[in-house]
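The file start-v2.cif comes next; it holds mmCIF, C-alpha atoms.
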data_protein
loop_
_atom_site.label_atom_id
_atom_site.label_comp_id
_atom_site.auth_asym_id
_atom_site.auth_seq_id
_atom_site.Cartn_x
_atom_site.Cartn_y
_atom_site.Cartn_z
CA MET A 537 6.66 44.22 26.07
CA ARG A 538 4.02 41.89 27.55
CA LEU A 539 2.93 40.99 24.02
CA ILE A 540 6.48 40.02 23.04
CA ASN A 541 6.95 37.94 26.21
CA GLY A 542 3.60 36.25 25.62
CA VAL A 543 4.58 35.42 22.04
CA ASN A 544 7.97 34.13 23.18
CA LEU A 545 6.34 31.99 25.88
CA PHE A 546 3.91 30.60 23.32
CA LEU A 547 6.79 29.73 20.93
CA VAL A 548 8.74 28.06 23.74
CA LEU A 549 5.69 25.97 24.71
CA ILE A 550 5.24 24.88 21.10
CA LEU A 551 8.92 23.95 20.87
CA ILE A 552 8.81 21.99 24.15
CA SER A 553 5.63 20.15 23.20
CA GLY A 554 7.13 19.29 19.80
CA VAL A 555 10.23 17.86 21.47
CA LEU A 556 8.24 15.93 24.10
CA PHE A 557 5.84 14.39 21.62
CA SER A 558 8.60 13.44 19.19
CA GLN A 559 10.66 11.54 21.78
CA ASN A 560 9.08 8.17 20.98
CA PRO A 561 7.54 8.37 17.50
CA GLU A 562 8.71 4.94 16.31
CA TRP A 563 5.98 2.92 18.04
CA VAL A 564 2.50 2.94 16.55
CA ASN A 565 -0.01 0.23 17.38
CA PHE A 566 -2.25 -1.18 14.65
CA THR A 567 -4.61 -3.85 15.92
CA TYR A 568 -7.21 -5.95 14.18
CA GLY A 569 -7.75 -9.18 16.01
CA ASN A 570 -5.81 -10.07 19.13
CA ASP A 571 -2.82 -11.73 17.48
CA VAL A 572 -0.58 -10.80 14.55
CA TYR A 573 0.85 -13.87 12.84
CA ALA A 574 2.31 -12.50 9.61
CA VAL A 575 3.57 -9.28 8.04
CA ALA A 576 4.56 -8.64 4.40
CA ILE A 577 5.70 -5.41 2.74
CA GLU A 578 4.59 -4.42 -0.76
CA GLY A 579 5.78 -0.94 -1.76
CA SER A 580 3.90 1.54 0.43
CA TYR A 581 1.58 -1.16 1.77
CA VAL A 582 1.99 -3.42 4.76
CA TRP A 583 -0.11 -6.59 4.72
CA VAL A 584 -0.87 -7.93 8.19
CA GLY A 585 -2.25 -11.37 9.00
CA THR A 586 -4.21 -11.45 12.24
CA SER A 587 -6.64 -13.60 14.18
CA GLY A 588 -9.41 -11.33 12.85
CA GLY A 589 -8.54 -11.35 9.14
CA LEU A 590 -6.18 -9.56 6.78
CA VAL A 591 -5.29 -5.86 6.99
CA ARG A 592 -3.75 -3.69 4.28
CA LEU A 593 -2.08 -0.65 5.83
CA ASP A 594 -1.03 2.28 3.63
CA ARG A 595 2.21 3.52 5.20
CA THR A 596 1.94 6.95 3.59
CA THR A 597 -1.62 7.80 4.65
CA GLY A 598 -2.25 5.41 7.55
CA ALA A 599 -5.45 4.20 5.87
CA MET A 600 -6.38 0.60 6.63
CA THR A 601 -8.43 -1.82 4.55
CA PHE A 602 -9.81 -4.87 6.33
CA TYR A 603 -10.53 -8.22 4.68
CA ASN A 604 -12.35 -11.04 6.41
CA ARG A 605 -14.71 -13.91 5.58
CA SER A 606 -17.76 -11.65 5.56
CA ASN A 607 -16.51 -8.98 3.14
CA SER A 608 -14.08 -10.81 0.83
CA GLY A 609 -13.02 -14.16 -0.57
CA LEU A 610 -10.71 -14.78 2.37
CA PRO A 611 -11.57 -18.34 3.48
CA SER A 612 -10.66 -17.89 7.16
CA ASN A 613 -10.15 -15.00 9.55
CA TYR A 614 -7.04 -16.71 10.96
CA VAL A 615 -4.24 -15.59 8.63
CA TYR A 616 -0.98 -17.32 9.56
CA SER A 617 1.29 -16.44 6.64
CA ILE A 618 1.59 -13.99 3.75
CA ALA A 619 3.96 -13.94 0.79
CA ILE A 620 3.85 -11.67 -2.27
CA ASP A 621 5.02 -12.92 -5.66
CA GLY A 622 6.67 -10.99 -8.50
CA ARG A 623 3.28 -10.12 -10.03
CA GLY A 624 1.93 -8.63 -6.82
CA ASN A 625 -0.30 -11.58 -5.98
CA LYS A 626 -0.74 -12.09 -2.26
CA TRP A 627 -0.50 -15.70 -1.10
CA ILE A 628 -2.27 -16.11 2.21
CA GLY A 629 -2.02 -19.14 4.47
CA THR A 630 -4.96 -19.77 6.78
CA TRP A 631 -5.81 -22.02 9.67
CA PHE A 632 -8.06 -24.94 8.60
CA ARG A 633 -9.17 -23.23 5.34
CA GLY A 634 -6.21 -23.68 3.02
CA LEU A 635 -4.31 -21.21 0.87
CA ALA A 636 -5.78 -18.10 -0.75
CA MET A 637 -4.38 -16.06 -3.62
CA PHE A 638 -5.48 -12.42 -3.92
CA ASP A 639 -4.52 -10.41 -7.00
CA GLY A 640 -5.99 -7.16 -5.69
CA SER A 641 -9.49 -7.76 -6.98
CA ARG A 642 -10.08 -11.52 -7.26
CA TRP A 643 -9.63 -14.33 -4.78
CA LYS A 644 -8.76 -17.96 -5.49
CA VAL A 645 -8.72 -20.57 -2.75
CA TYR A 646 -6.66 -23.77 -2.80
CA ASN A 647 -7.56 -26.52 -0.36
CA MET A 648 -7.49 -30.30 -0.04
CA THR A 649 -10.59 -30.72 -2.18
CA ASN A 650 -9.49 -28.70 -5.25
CA SER A 651 -5.68 -28.88 -5.27
CA GLY A 652 -2.64 -30.89 -4.24
CA LEU A 653 -2.42 -29.11 -0.89
CA PRO A 654 -1.90 -31.97 1.61
CA ILE A 655 -3.77 -30.32 4.51
CA ASP A 656 -5.73 -27.09 4.98
CA ILE A 657 -3.57 -25.68 7.79
CA VAL A 658 -1.00 -23.42 6.12
CA HIS A 659 1.58 -22.12 8.54
CA SER A 660 4.31 -20.67 6.29
CA ILE A 661 4.92 -19.59 2.68
CA ALA A 662 8.05 -18.63 0.75
CA ILE A 663 8.39 -17.87 -2.97
CA ASP A 664 11.58 -18.65 -4.87
CA LYS A 665 13.13 -16.79 -7.83
CA GLN A 666 11.24 -19.02 -10.30
CA GLY A 667 7.92 -18.08 -8.69
CA ASN A 668 7.40 -21.48 -7.05
CA LYS A 669 5.40 -21.31 -3.86
CA TRP A 670 6.82 -23.34 -0.96
CA ILE A 671 4.04 -23.97 1.51
CA GLY A 672 4.61 -25.24 5.04
CA THR A 673 1.62 -27.06 6.45
CA TYR A 674 0.83 -28.17 9.95
CA GLY A 675 0.70 -31.94 9.74
CA GLY A 676 0.95 -32.36 5.96
CA GLY A 677 4.60 -31.58 5.34
CA LEU A 678 5.98 -29.20 2.72
CA ALA A 679 4.18 -28.52 -0.57
CA MET A 680 5.65 -26.88 -3.67
CA PHE A 681 3.26 -25.28 -6.16
CA ASP A 682 4.65 -24.09 -9.50
CA GLY A 683 1.36 -22.62 -10.70
CA SER A 684 0.03 -25.84 -12.18
CA ARG A 685 1.65 -28.82 -10.42
CA TRP A 686 1.91 -29.69 -6.75
CA THR A 687 4.77 -31.66 -5.19
CA VAL A 688 4.53 -32.72 -1.56
CA TYR A 689 7.49 -33.61 0.66
CA ASN A 690 6.79 -35.38 3.94
CA THR A 691 8.44 -37.77 6.36
CA THR A 692 7.53 -40.83 4.28
CA ASN A 693 8.83 -39.70 0.88
CA SER A 694 11.77 -37.42 1.74
CA GLY A 695 14.26 -36.50 4.42
CA LEU A 696 11.85 -34.01 5.97
CA PRO A 697 12.24 -34.67 9.72
CA ASP A 698 8.71 -33.64 10.74
CA ASN A 699 5.42 -32.94 8.94
CA ASP A 700 4.74 -29.78 10.96
CA VAL A 701 6.52 -27.06 8.95
CA LEU A 702 6.41 -23.79 10.86
CA SER A 703 8.83 -21.60 8.89
CA ILE A 704 10.58 -21.42 5.52
CA ALA A 705 13.35 -19.15 4.24
CA ILE A 706 15.14 -19.22 0.88
CA ASP A 707 18.79 -18.17 0.65
CA GLY A 708 20.65 -16.59 -2.28
CA GLN A 709 21.59 -20.01 -3.70
CA GLY A 710 17.96 -21.12 -3.76
CA ASN A 711 18.26 -23.50 -0.80
CA LYS A 712 15.07 -23.82 1.22
CA TRP A 713 15.59 -23.72 4.98
CA ILE A 714 12.71 -25.41 6.75
CA GLY A 715 11.93 -25.07 10.45
CA THR A 716 9.82 -27.86 11.88
CA TRP A 717 7.84 -28.29 15.08
CA GLY A 718 9.71 -31.27 16.53
CA GLY A 719 12.33 -32.30 13.98
CA GLY A 720 14.71 -29.37 14.03
CA LEU A 721 15.94 -27.53 10.95
CA ALA A 722 16.16 -29.06 7.48
CA VAL A 723 17.53 -27.76 4.20
CA TYR A 724 16.36 -28.62 0.69
CA ARG A 725 19.36 -28.01 -1.55
CA GLU A 726 18.63 -26.56 -4.99
CA GLY A 727 18.99 -29.15 -7.73
CA GLY A 728 18.47 -32.09 -5.39
CA VAL A 729 15.63 -33.87 -3.69
CA ILE A 730 17.32 -34.68 -0.41
CA LEU A 731 16.37 -32.83 2.74
CA ASN A 732 19.32 -32.80 5.13
CA VAL A 733 18.54 -32.38 8.80
CA GLN A 734 20.60 -29.74 10.62
CA ARG A 735 20.25 -29.95 14.42
#
As structure tokens, the full file:
Amino acid sequence: MRLINGVNLFLVLILISGVLFSQNPEWVNFTYGNDVYAVAIEGSYVWVGTSGGLVRLDRTTGAMTFYNRSNSGLPSNYVYSIAIDGRGNKWIGTWFRGLAMFDGSRWKVYNMTNSGLPIDIVHSIAIDKQGNKWIGTYGGGLAMFDGSRWTVYNTTNSGLPDNDVLSIAIDGQGNKWIGTWGGGLAVYREGGVILNVQR
């Protein structure tokens, strides 16, 4: 009888501990660097931009791969934005070191000296259905890169209300919604070149 009660007590303790430990399973902390600036999802991977570099987290196994200036072609450890194109290329915006493209094995860096990027502080990236990269810079306006040509929109050549572009989103009609530091919200309507300020 004591054996049965002992077994029952053991089973109850297991059940209680399982319930207690499963009460808050949704929060898991992954840190690499003190700040997380960007997150992008690619299948079972989560790409995380931090103040200490880039992290690839495998959601199925929990394994993390760390990329920084010392072990990869990442030009800066401050990763402010990440976008993934239709081919699986990761486009990574950095602070003061430009834009990096990572195809999984090779790195290519775009900056003011080798491309049409207007400034090397990349704060936001969005990719449209045609594969064009829309790149928000801090101080240089908005750049569009189609894979070979660069087009830059700023306060002197367009209706962009401010050259500090902090965020970009693209809606189902292809309109680019642009959040700026001091000029409010602007929209670039597909098929046109006019940026309309929405305040």
Selected by the PyMOL selection byres ((chain A and resi 668) around 12) in the shown coordinates: which residues, as a compact mmCIF listing (two decimals) with C-alpha atoms, in the coordinates of the input?
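Heads up, here's the output in selection24.txt:
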# COMPACT_ATOMS: atom_id res chain seq x y z
CA ALA A 619 3.96 -13.94 0.79
CA ILE A 620 3.85 -11.67 -2.27
CA ASP A 621 5.02 -12.92 -5.66
CA GLY A 622 6.67 -10.99 -8.50
CA TRP A 627 -0.50 -15.70 -1.10
CA ILE A 661 4.92 -19.59 2.68
CA ALA A 662 8.05 -18.63 0.75
CA ILE A 663 8.39 -17.87 -2.97
CA ASP A 664 11.58 -18.65 -4.87
CA LYS A 665 13.13 -16.79 -7.83
CA GLN A 666 11.24 -19.02 -10.30
CA GLY A 667 7.92 -18.08 -8.69
CA LYS A 669 5.40 -21.31 -3.86
CA TRP A 670 6.82 -23.34 -0.96
CA ILE A 671 4.04 -23.97 1.51
CA ALA A 679 4.18 -28.52 -0.57
CA MET A 680 5.65 -26.88 -3.67
CA PHE A 681 3.26 -25.28 -6.16
CA ASP A 682 4.65 -24.09 -9.50
CA GLY A 683 1.36 -22.62 -10.70
CA SER A 684 0.03 -25.84 -12.18
CA ARG A 685 1.65 -28.82 -10.42
CA TRP A 686 1.91 -29.69 -6.75
CA THR A 687 4.77 -31.66 -5.19
CA ILE A 706 15.14 -19.22 0.88
CA GLY A 710 17.96 -21.12 -3.76
CA LYS A 712 15.07 -23.82 1.22
**Message:** I'd like to know which of A:Gly675, A:Tyr616, A:Val701, A:Gly585 is closest to A:Phe602, using all atoms listed in the file.
**Reply:** A:Gly585
Once 5 Å is added on each side, what centre and edge lengths in Å to one decimal does the axis-aligned box around all listed atoms of stretch 570-587 of chain A have, as AutoDock Vina command-line options?
--center_x -0.4 --center_y -6.2 --center_z 8.7 --size_x 22.4 --size_y 25.4 --size_z 30.9
**d(atom CA of A:Asp700, atom CA of A:Pro654) in Å** = 11.7 Å
**Request:** For atom CA of A:Tyr603 and atom CA of A:Glu578, quote the distance in Å rounded to one decimal.
**Result:**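 Distance reported for this atom pair: 16.5 Å.
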**Request:** Starting from the shown file, work through the PyMOL selection byres ((chain A and resi 631) around 12) and note down what comes out as a PyMOL selection string.
**Result:** chain A and resi 573+585-589+610-617+628-630+632-636+647+655-660+672-675
For the file shown, what are the residues hit by the PyMOL selection byres ((chain A and resi 719) around 6), laid out as a PDB file with C-alpha atoms, in the coordinates of the input?
ATOM      1  CA  PRO A 697      12.240 -34.670   9.720  1.00  0.00           C
ATOM      2  CA  ASP A 698       8.710 -33.640  10.740  1.00  0.00           C
ATOM      3  CA  THR A 716       9.820 -27.860  11.880  1.00  0.00           C
ATOM      4  CA  GLY A 718       9.710 -31.270  16.530  1.00  0.00           C
ATOM      5  CA  GLY A 720      14.710 -29.370  14.030  1.00  0.00           C
TER       6      GLY A 720
END
**Request:** For A:Tyr689, work out the shell of residues within 6 Å, counting all atoms listed in the file and skipping chain neighbours fewer than 5 positions away, then give it as a list of chain:residue names.
**Result:**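 In the requested form, the answer reads A:Gly677, A:Leu678, A:Ser694.
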Generate the coordinates of N, CA, C and O atoms for stretch 650-673 of chain A; report them as a PDB file, keeping the file's coordinate frame.
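Wrote it out as rebuild_27.pdb, contents follow:
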ATOM      1  N   ASN A 650      -9.635 -29.189  -3.865  1.00  0.00           N
ATOM      2  CA  ASN A 650      -9.490 -28.700  -5.250  1.00  0.00           C
ATOM      3  C   ASN A 650      -8.052 -28.539  -5.702  1.00  0.00           C
ATOM      4  O   ASN A 650      -7.791 -27.939  -6.743  1.00  0.00           O
ATOM      5  N   SER A 651      -7.087 -29.046  -4.907  1.00  0.00           N
ATOM      6  CA  SER A 651      -5.680 -28.880  -5.270  1.00  0.00           C
ATOM      7  C   SER A 651      -4.855 -29.997  -4.664  1.00  0.00           C
ATOM      8  O   SER A 651      -5.388 -30.902  -4.018  1.00  0.00           O
ATOM      9  N   GLY A 652      -3.549 -29.917  -4.824  1.00  0.00           N
ATOM     10  CA  GLY A 652      -2.640 -30.890  -4.240  1.00  0.00           C
ATOM     11  C   GLY A 652      -2.164 -30.507  -2.847  1.00  0.00           C
ATOM     12  O   GLY A 652      -1.231 -31.128  -2.315  1.00  0.00           O
ATOM     13  N   LEU A 653      -2.778 -29.499  -2.246  1.00  0.00           N
ATOM     14  CA  LEU A 653      -2.420 -29.110  -0.890  1.00  0.00           C
ATOM     15  C   LEU A 653      -2.708 -30.288   0.049  1.00  0.00           C
ATOM     16  O   LEU A 653      -3.828 -30.794   0.075  1.00  0.00           O
ATOM     17  N   PRO A 654      -1.708 -30.752   0.822  1.00  0.00           N
ATOM     18  CA  PRO A 654      -1.900 -31.970   1.610  1.00  0.00           C
ATOM     19  C   PRO A 654      -2.795 -31.804   2.831  1.00  0.00           C
ATOM     20  O   PRO A 654      -3.356 -32.792   3.321  1.00  0.00           O
ATOM     21  N   ILE A 655      -2.919 -30.593   3.349  1.00  0.00           N
ATOM     22  CA  ILE A 655      -3.770 -30.320   4.510  1.00  0.00           C
ATOM     23  C   ILE A 655      -4.129 -28.841   4.467  1.00  0.00           C
ATOM     24  O   ILE A 655      -3.414 -28.037   3.864  1.00  0.00           O
ATOM     25  N   ASP A 656      -5.229 -28.467   5.082  1.00  0.00           N
ATOM     26  CA  ASP A 656      -5.730 -27.090   4.980  1.00  0.00           C
ATOM     27  C   ASP A 656      -5.208 -26.142   6.050  1.00  0.00           C
ATOM     28  O   ASP A 656      -5.697 -25.031   6.176  1.00  0.00           O
ATOM     29  N   ILE A 657      -4.216 -26.567   6.813  1.00  0.00           N
ATOM     30  CA  ILE A 657      -3.570 -25.680   7.790  1.00  0.00           C
ATOM     31  C   ILE A 657      -2.250 -25.223   7.201  1.00  0.00           C
ATOM     32  O   ILE A 657      -1.285 -25.983   7.137  1.00  0.00           O
ATOM     33  N   VAL A 658      -2.197 -23.976   6.755  1.00  0.00           N
ATOM     34  CA  VAL A 658      -1.000 -23.420   6.120  1.00  0.00           C
ATOM     35  C   VAL A 658      -0.323 -22.488   7.122  1.00  0.00           C
ATOM     36  O   VAL A 658      -0.887 -21.471   7.508  1.00  0.00           O
ATOM     37  N   HIS A 659       0.887 -22.866   7.502  1.00  0.00           N
ATOM     38  CA  HIS A 659       1.580 -22.120   8.540  1.00  0.00           C
ATOM     39  C   HIS A 659       2.666 -21.188   7.998  1.00  0.00           C
ATOM     40  O   HIS A 659       3.009 -20.191   8.633  1.00  0.00           O
ATOM     41  N   SER A 660       3.226 -21.492   6.823  1.00  0.00           N
ATOM     42  CA  SER A 660       4.310 -20.670   6.290  1.00  0.00           C
ATOM     43  C   SER A 660       4.326 -20.745   4.764  1.00  0.00           C
ATOM     44  O   SER A 660       3.907 -21.744   4.176  1.00  0.00           O
ATOM     45  N   ILE A 661       4.818 -19.660   4.140  1.00  0.00           N
ATOM     46  CA  ILE A 661       4.920 -19.590   2.680  1.00  0.00           C
ATOM     47  C   ILE A 661       6.198 -18.842   2.324  1.00  0.00           C
ATOM     48  O   ILE A 661       6.509 -17.816   2.929  1.00  0.00           O
ATOM     49  N   ALA A 662       6.912 -19.350   1.332  1.00  0.00           N
ATOM     50  CA  ALA A 662       8.050 -18.630   0.750  1.00  0.00           C
ATOM     51  C   ALA A 662       7.975 -18.818  -0.754  1.00  0.00           C
ATOM     52  O   ALA A 662       7.507 -19.848  -1.248  1.00  0.00           O
ATOM     53  N   ILE A 663       8.433 -17.823  -1.502  1.00  0.00           N
ATOM     54  CA  ILE A 663       8.390 -17.870  -2.970  1.00  0.00           C
ATOM     55  C   ILE A 663       9.807 -17.738  -3.492  1.00  0.00           C
ATOM     56  O   ILE A 663      10.527 -16.801  -3.131  1.00  0.00           O
ATOM     57  N   ASP A 664      10.215 -18.684  -4.351  1.00  0.00           N
ATOM     58  CA  ASP A 664      11.580 -18.650  -4.870  1.00  0.00           C
ATOM     59  C   ASP A 664      11.678 -17.777  -6.125  1.00  0.00           C
ATOM     60  O   ASP A 664      10.680 -17.202  -6.583  1.00  0.00           O
ATOM     61  N   LYS A 665      12.885 -17.672  -6.680  1.00  0.00           N
ATOM     62  CA  LYS A 665      13.130 -16.790  -7.830  1.00  0.00           C
ATOM     63  C   LYS A 665      12.361 -17.228  -9.071  1.00  0.00           C
ATOM     64  O   LYS A 665      12.095 -16.423  -9.954  1.00  0.00           O
ATOM     65  N   GLN A 666      12.013 -18.505  -9.163  1.00  0.00           N
ATOM     66  CA  GLN A 666      11.240 -19.020 -10.300  1.00  0.00           C
ATOM     67  C   GLN A 666       9.743 -18.810 -10.109  1.00  0.00           C
ATOM     68  O   GLN A 666       8.958 -19.130 -10.994  1.00  0.00           O
ATOM     69  N   GLY A 667       9.338 -18.298  -8.964  1.00  0.00           N
ATOM     70  CA  GLY A 667       7.920 -18.080  -8.690  1.00  0.00           C
ATOM     71  C   GLY A 667       7.224 -19.272  -8.058  1.00  0.00           C
ATOM     72  O   GLY A 667       6.004 -19.247  -7.870  1.00  0.00           O
ATOM     73  N   ASN A 668       7.988 -20.320  -7.727  1.00  0.00           N
ATOM     74  CA  ASN A 668       7.400 -21.480  -7.050  1.00  0.00           C
ATOM     75  C   ASN A 668       7.022 -21.102  -5.626  1.00  0.00           C
ATOM     76  O   ASN A 668       7.792 -20.432  -4.927  1.00  0.00           O
ATOM     77  N   LYS A 669       5.854 -21.538  -5.212  1.00  0.00           N
ATOM     78  CA  LYS A 669       5.400 -21.310  -3.860  1.00  0.00           C
ATOM     79  C   LYS A 669       5.749 -22.526  -3.007  1.00  0.00           C
ATOM     80  O   LYS A 669       5.370 -23.647  -3.339  1.00  0.00           O
ATOM     81  N   TRP A 670       6.468 -22.292  -1.909  1.00  0.00           N
ATOM     82  CA  TRP A 670       6.820 -23.340  -0.960  1.00  0.00           C
ATOM     83  C   TRP A 670       5.933 -23.133   0.260  1.00  0.00           C
ATOM     84  O   TRP A 670       5.970 -22.079   0.892  1.00  0.00           O
ATOM     85  N   ILE A 671       5.120 -24.125   0.545  1.00  0.00           N
ATOM     86  CA  ILE A 671       4.040 -23.970   1.510  1.00  0.00           C
ATOM     87  C   ILE A 671       4.248 -24.962   2.659  1.00  0.00           C
ATOM     88  O   ILE A 671       4.228 -26.177   2.451  1.00  0.00           O
ATOM     89  N   GLY A 672       4.450 -24.407   3.845  1.00  0.00           N
ATOM     90  CA  GLY A 672       4.610 -25.240   5.040  1.00  0.00           C
ATOM     91  C   GLY A 672       3.265 -25.467   5.689  1.00  0.00           C
ATOM     92  O   GLY A 672       2.556 -24.518   6.015  1.00  0.00           O
ATOM     93  N   THR A 673       2.907 -26.732   5.845  1.00  0.00           N
ATOM     94  CA  THR A 673       1.620 -27.060   6.450  1.00  0.00           C
ATOM     95  C   THR A 673       1.830 -27.631   7.850  1.00  0.00           C
ATOM     96  O   THR A 673       2.932 -28.064   8.197  1.00  0.00           O
TER      97      THR A 673
END
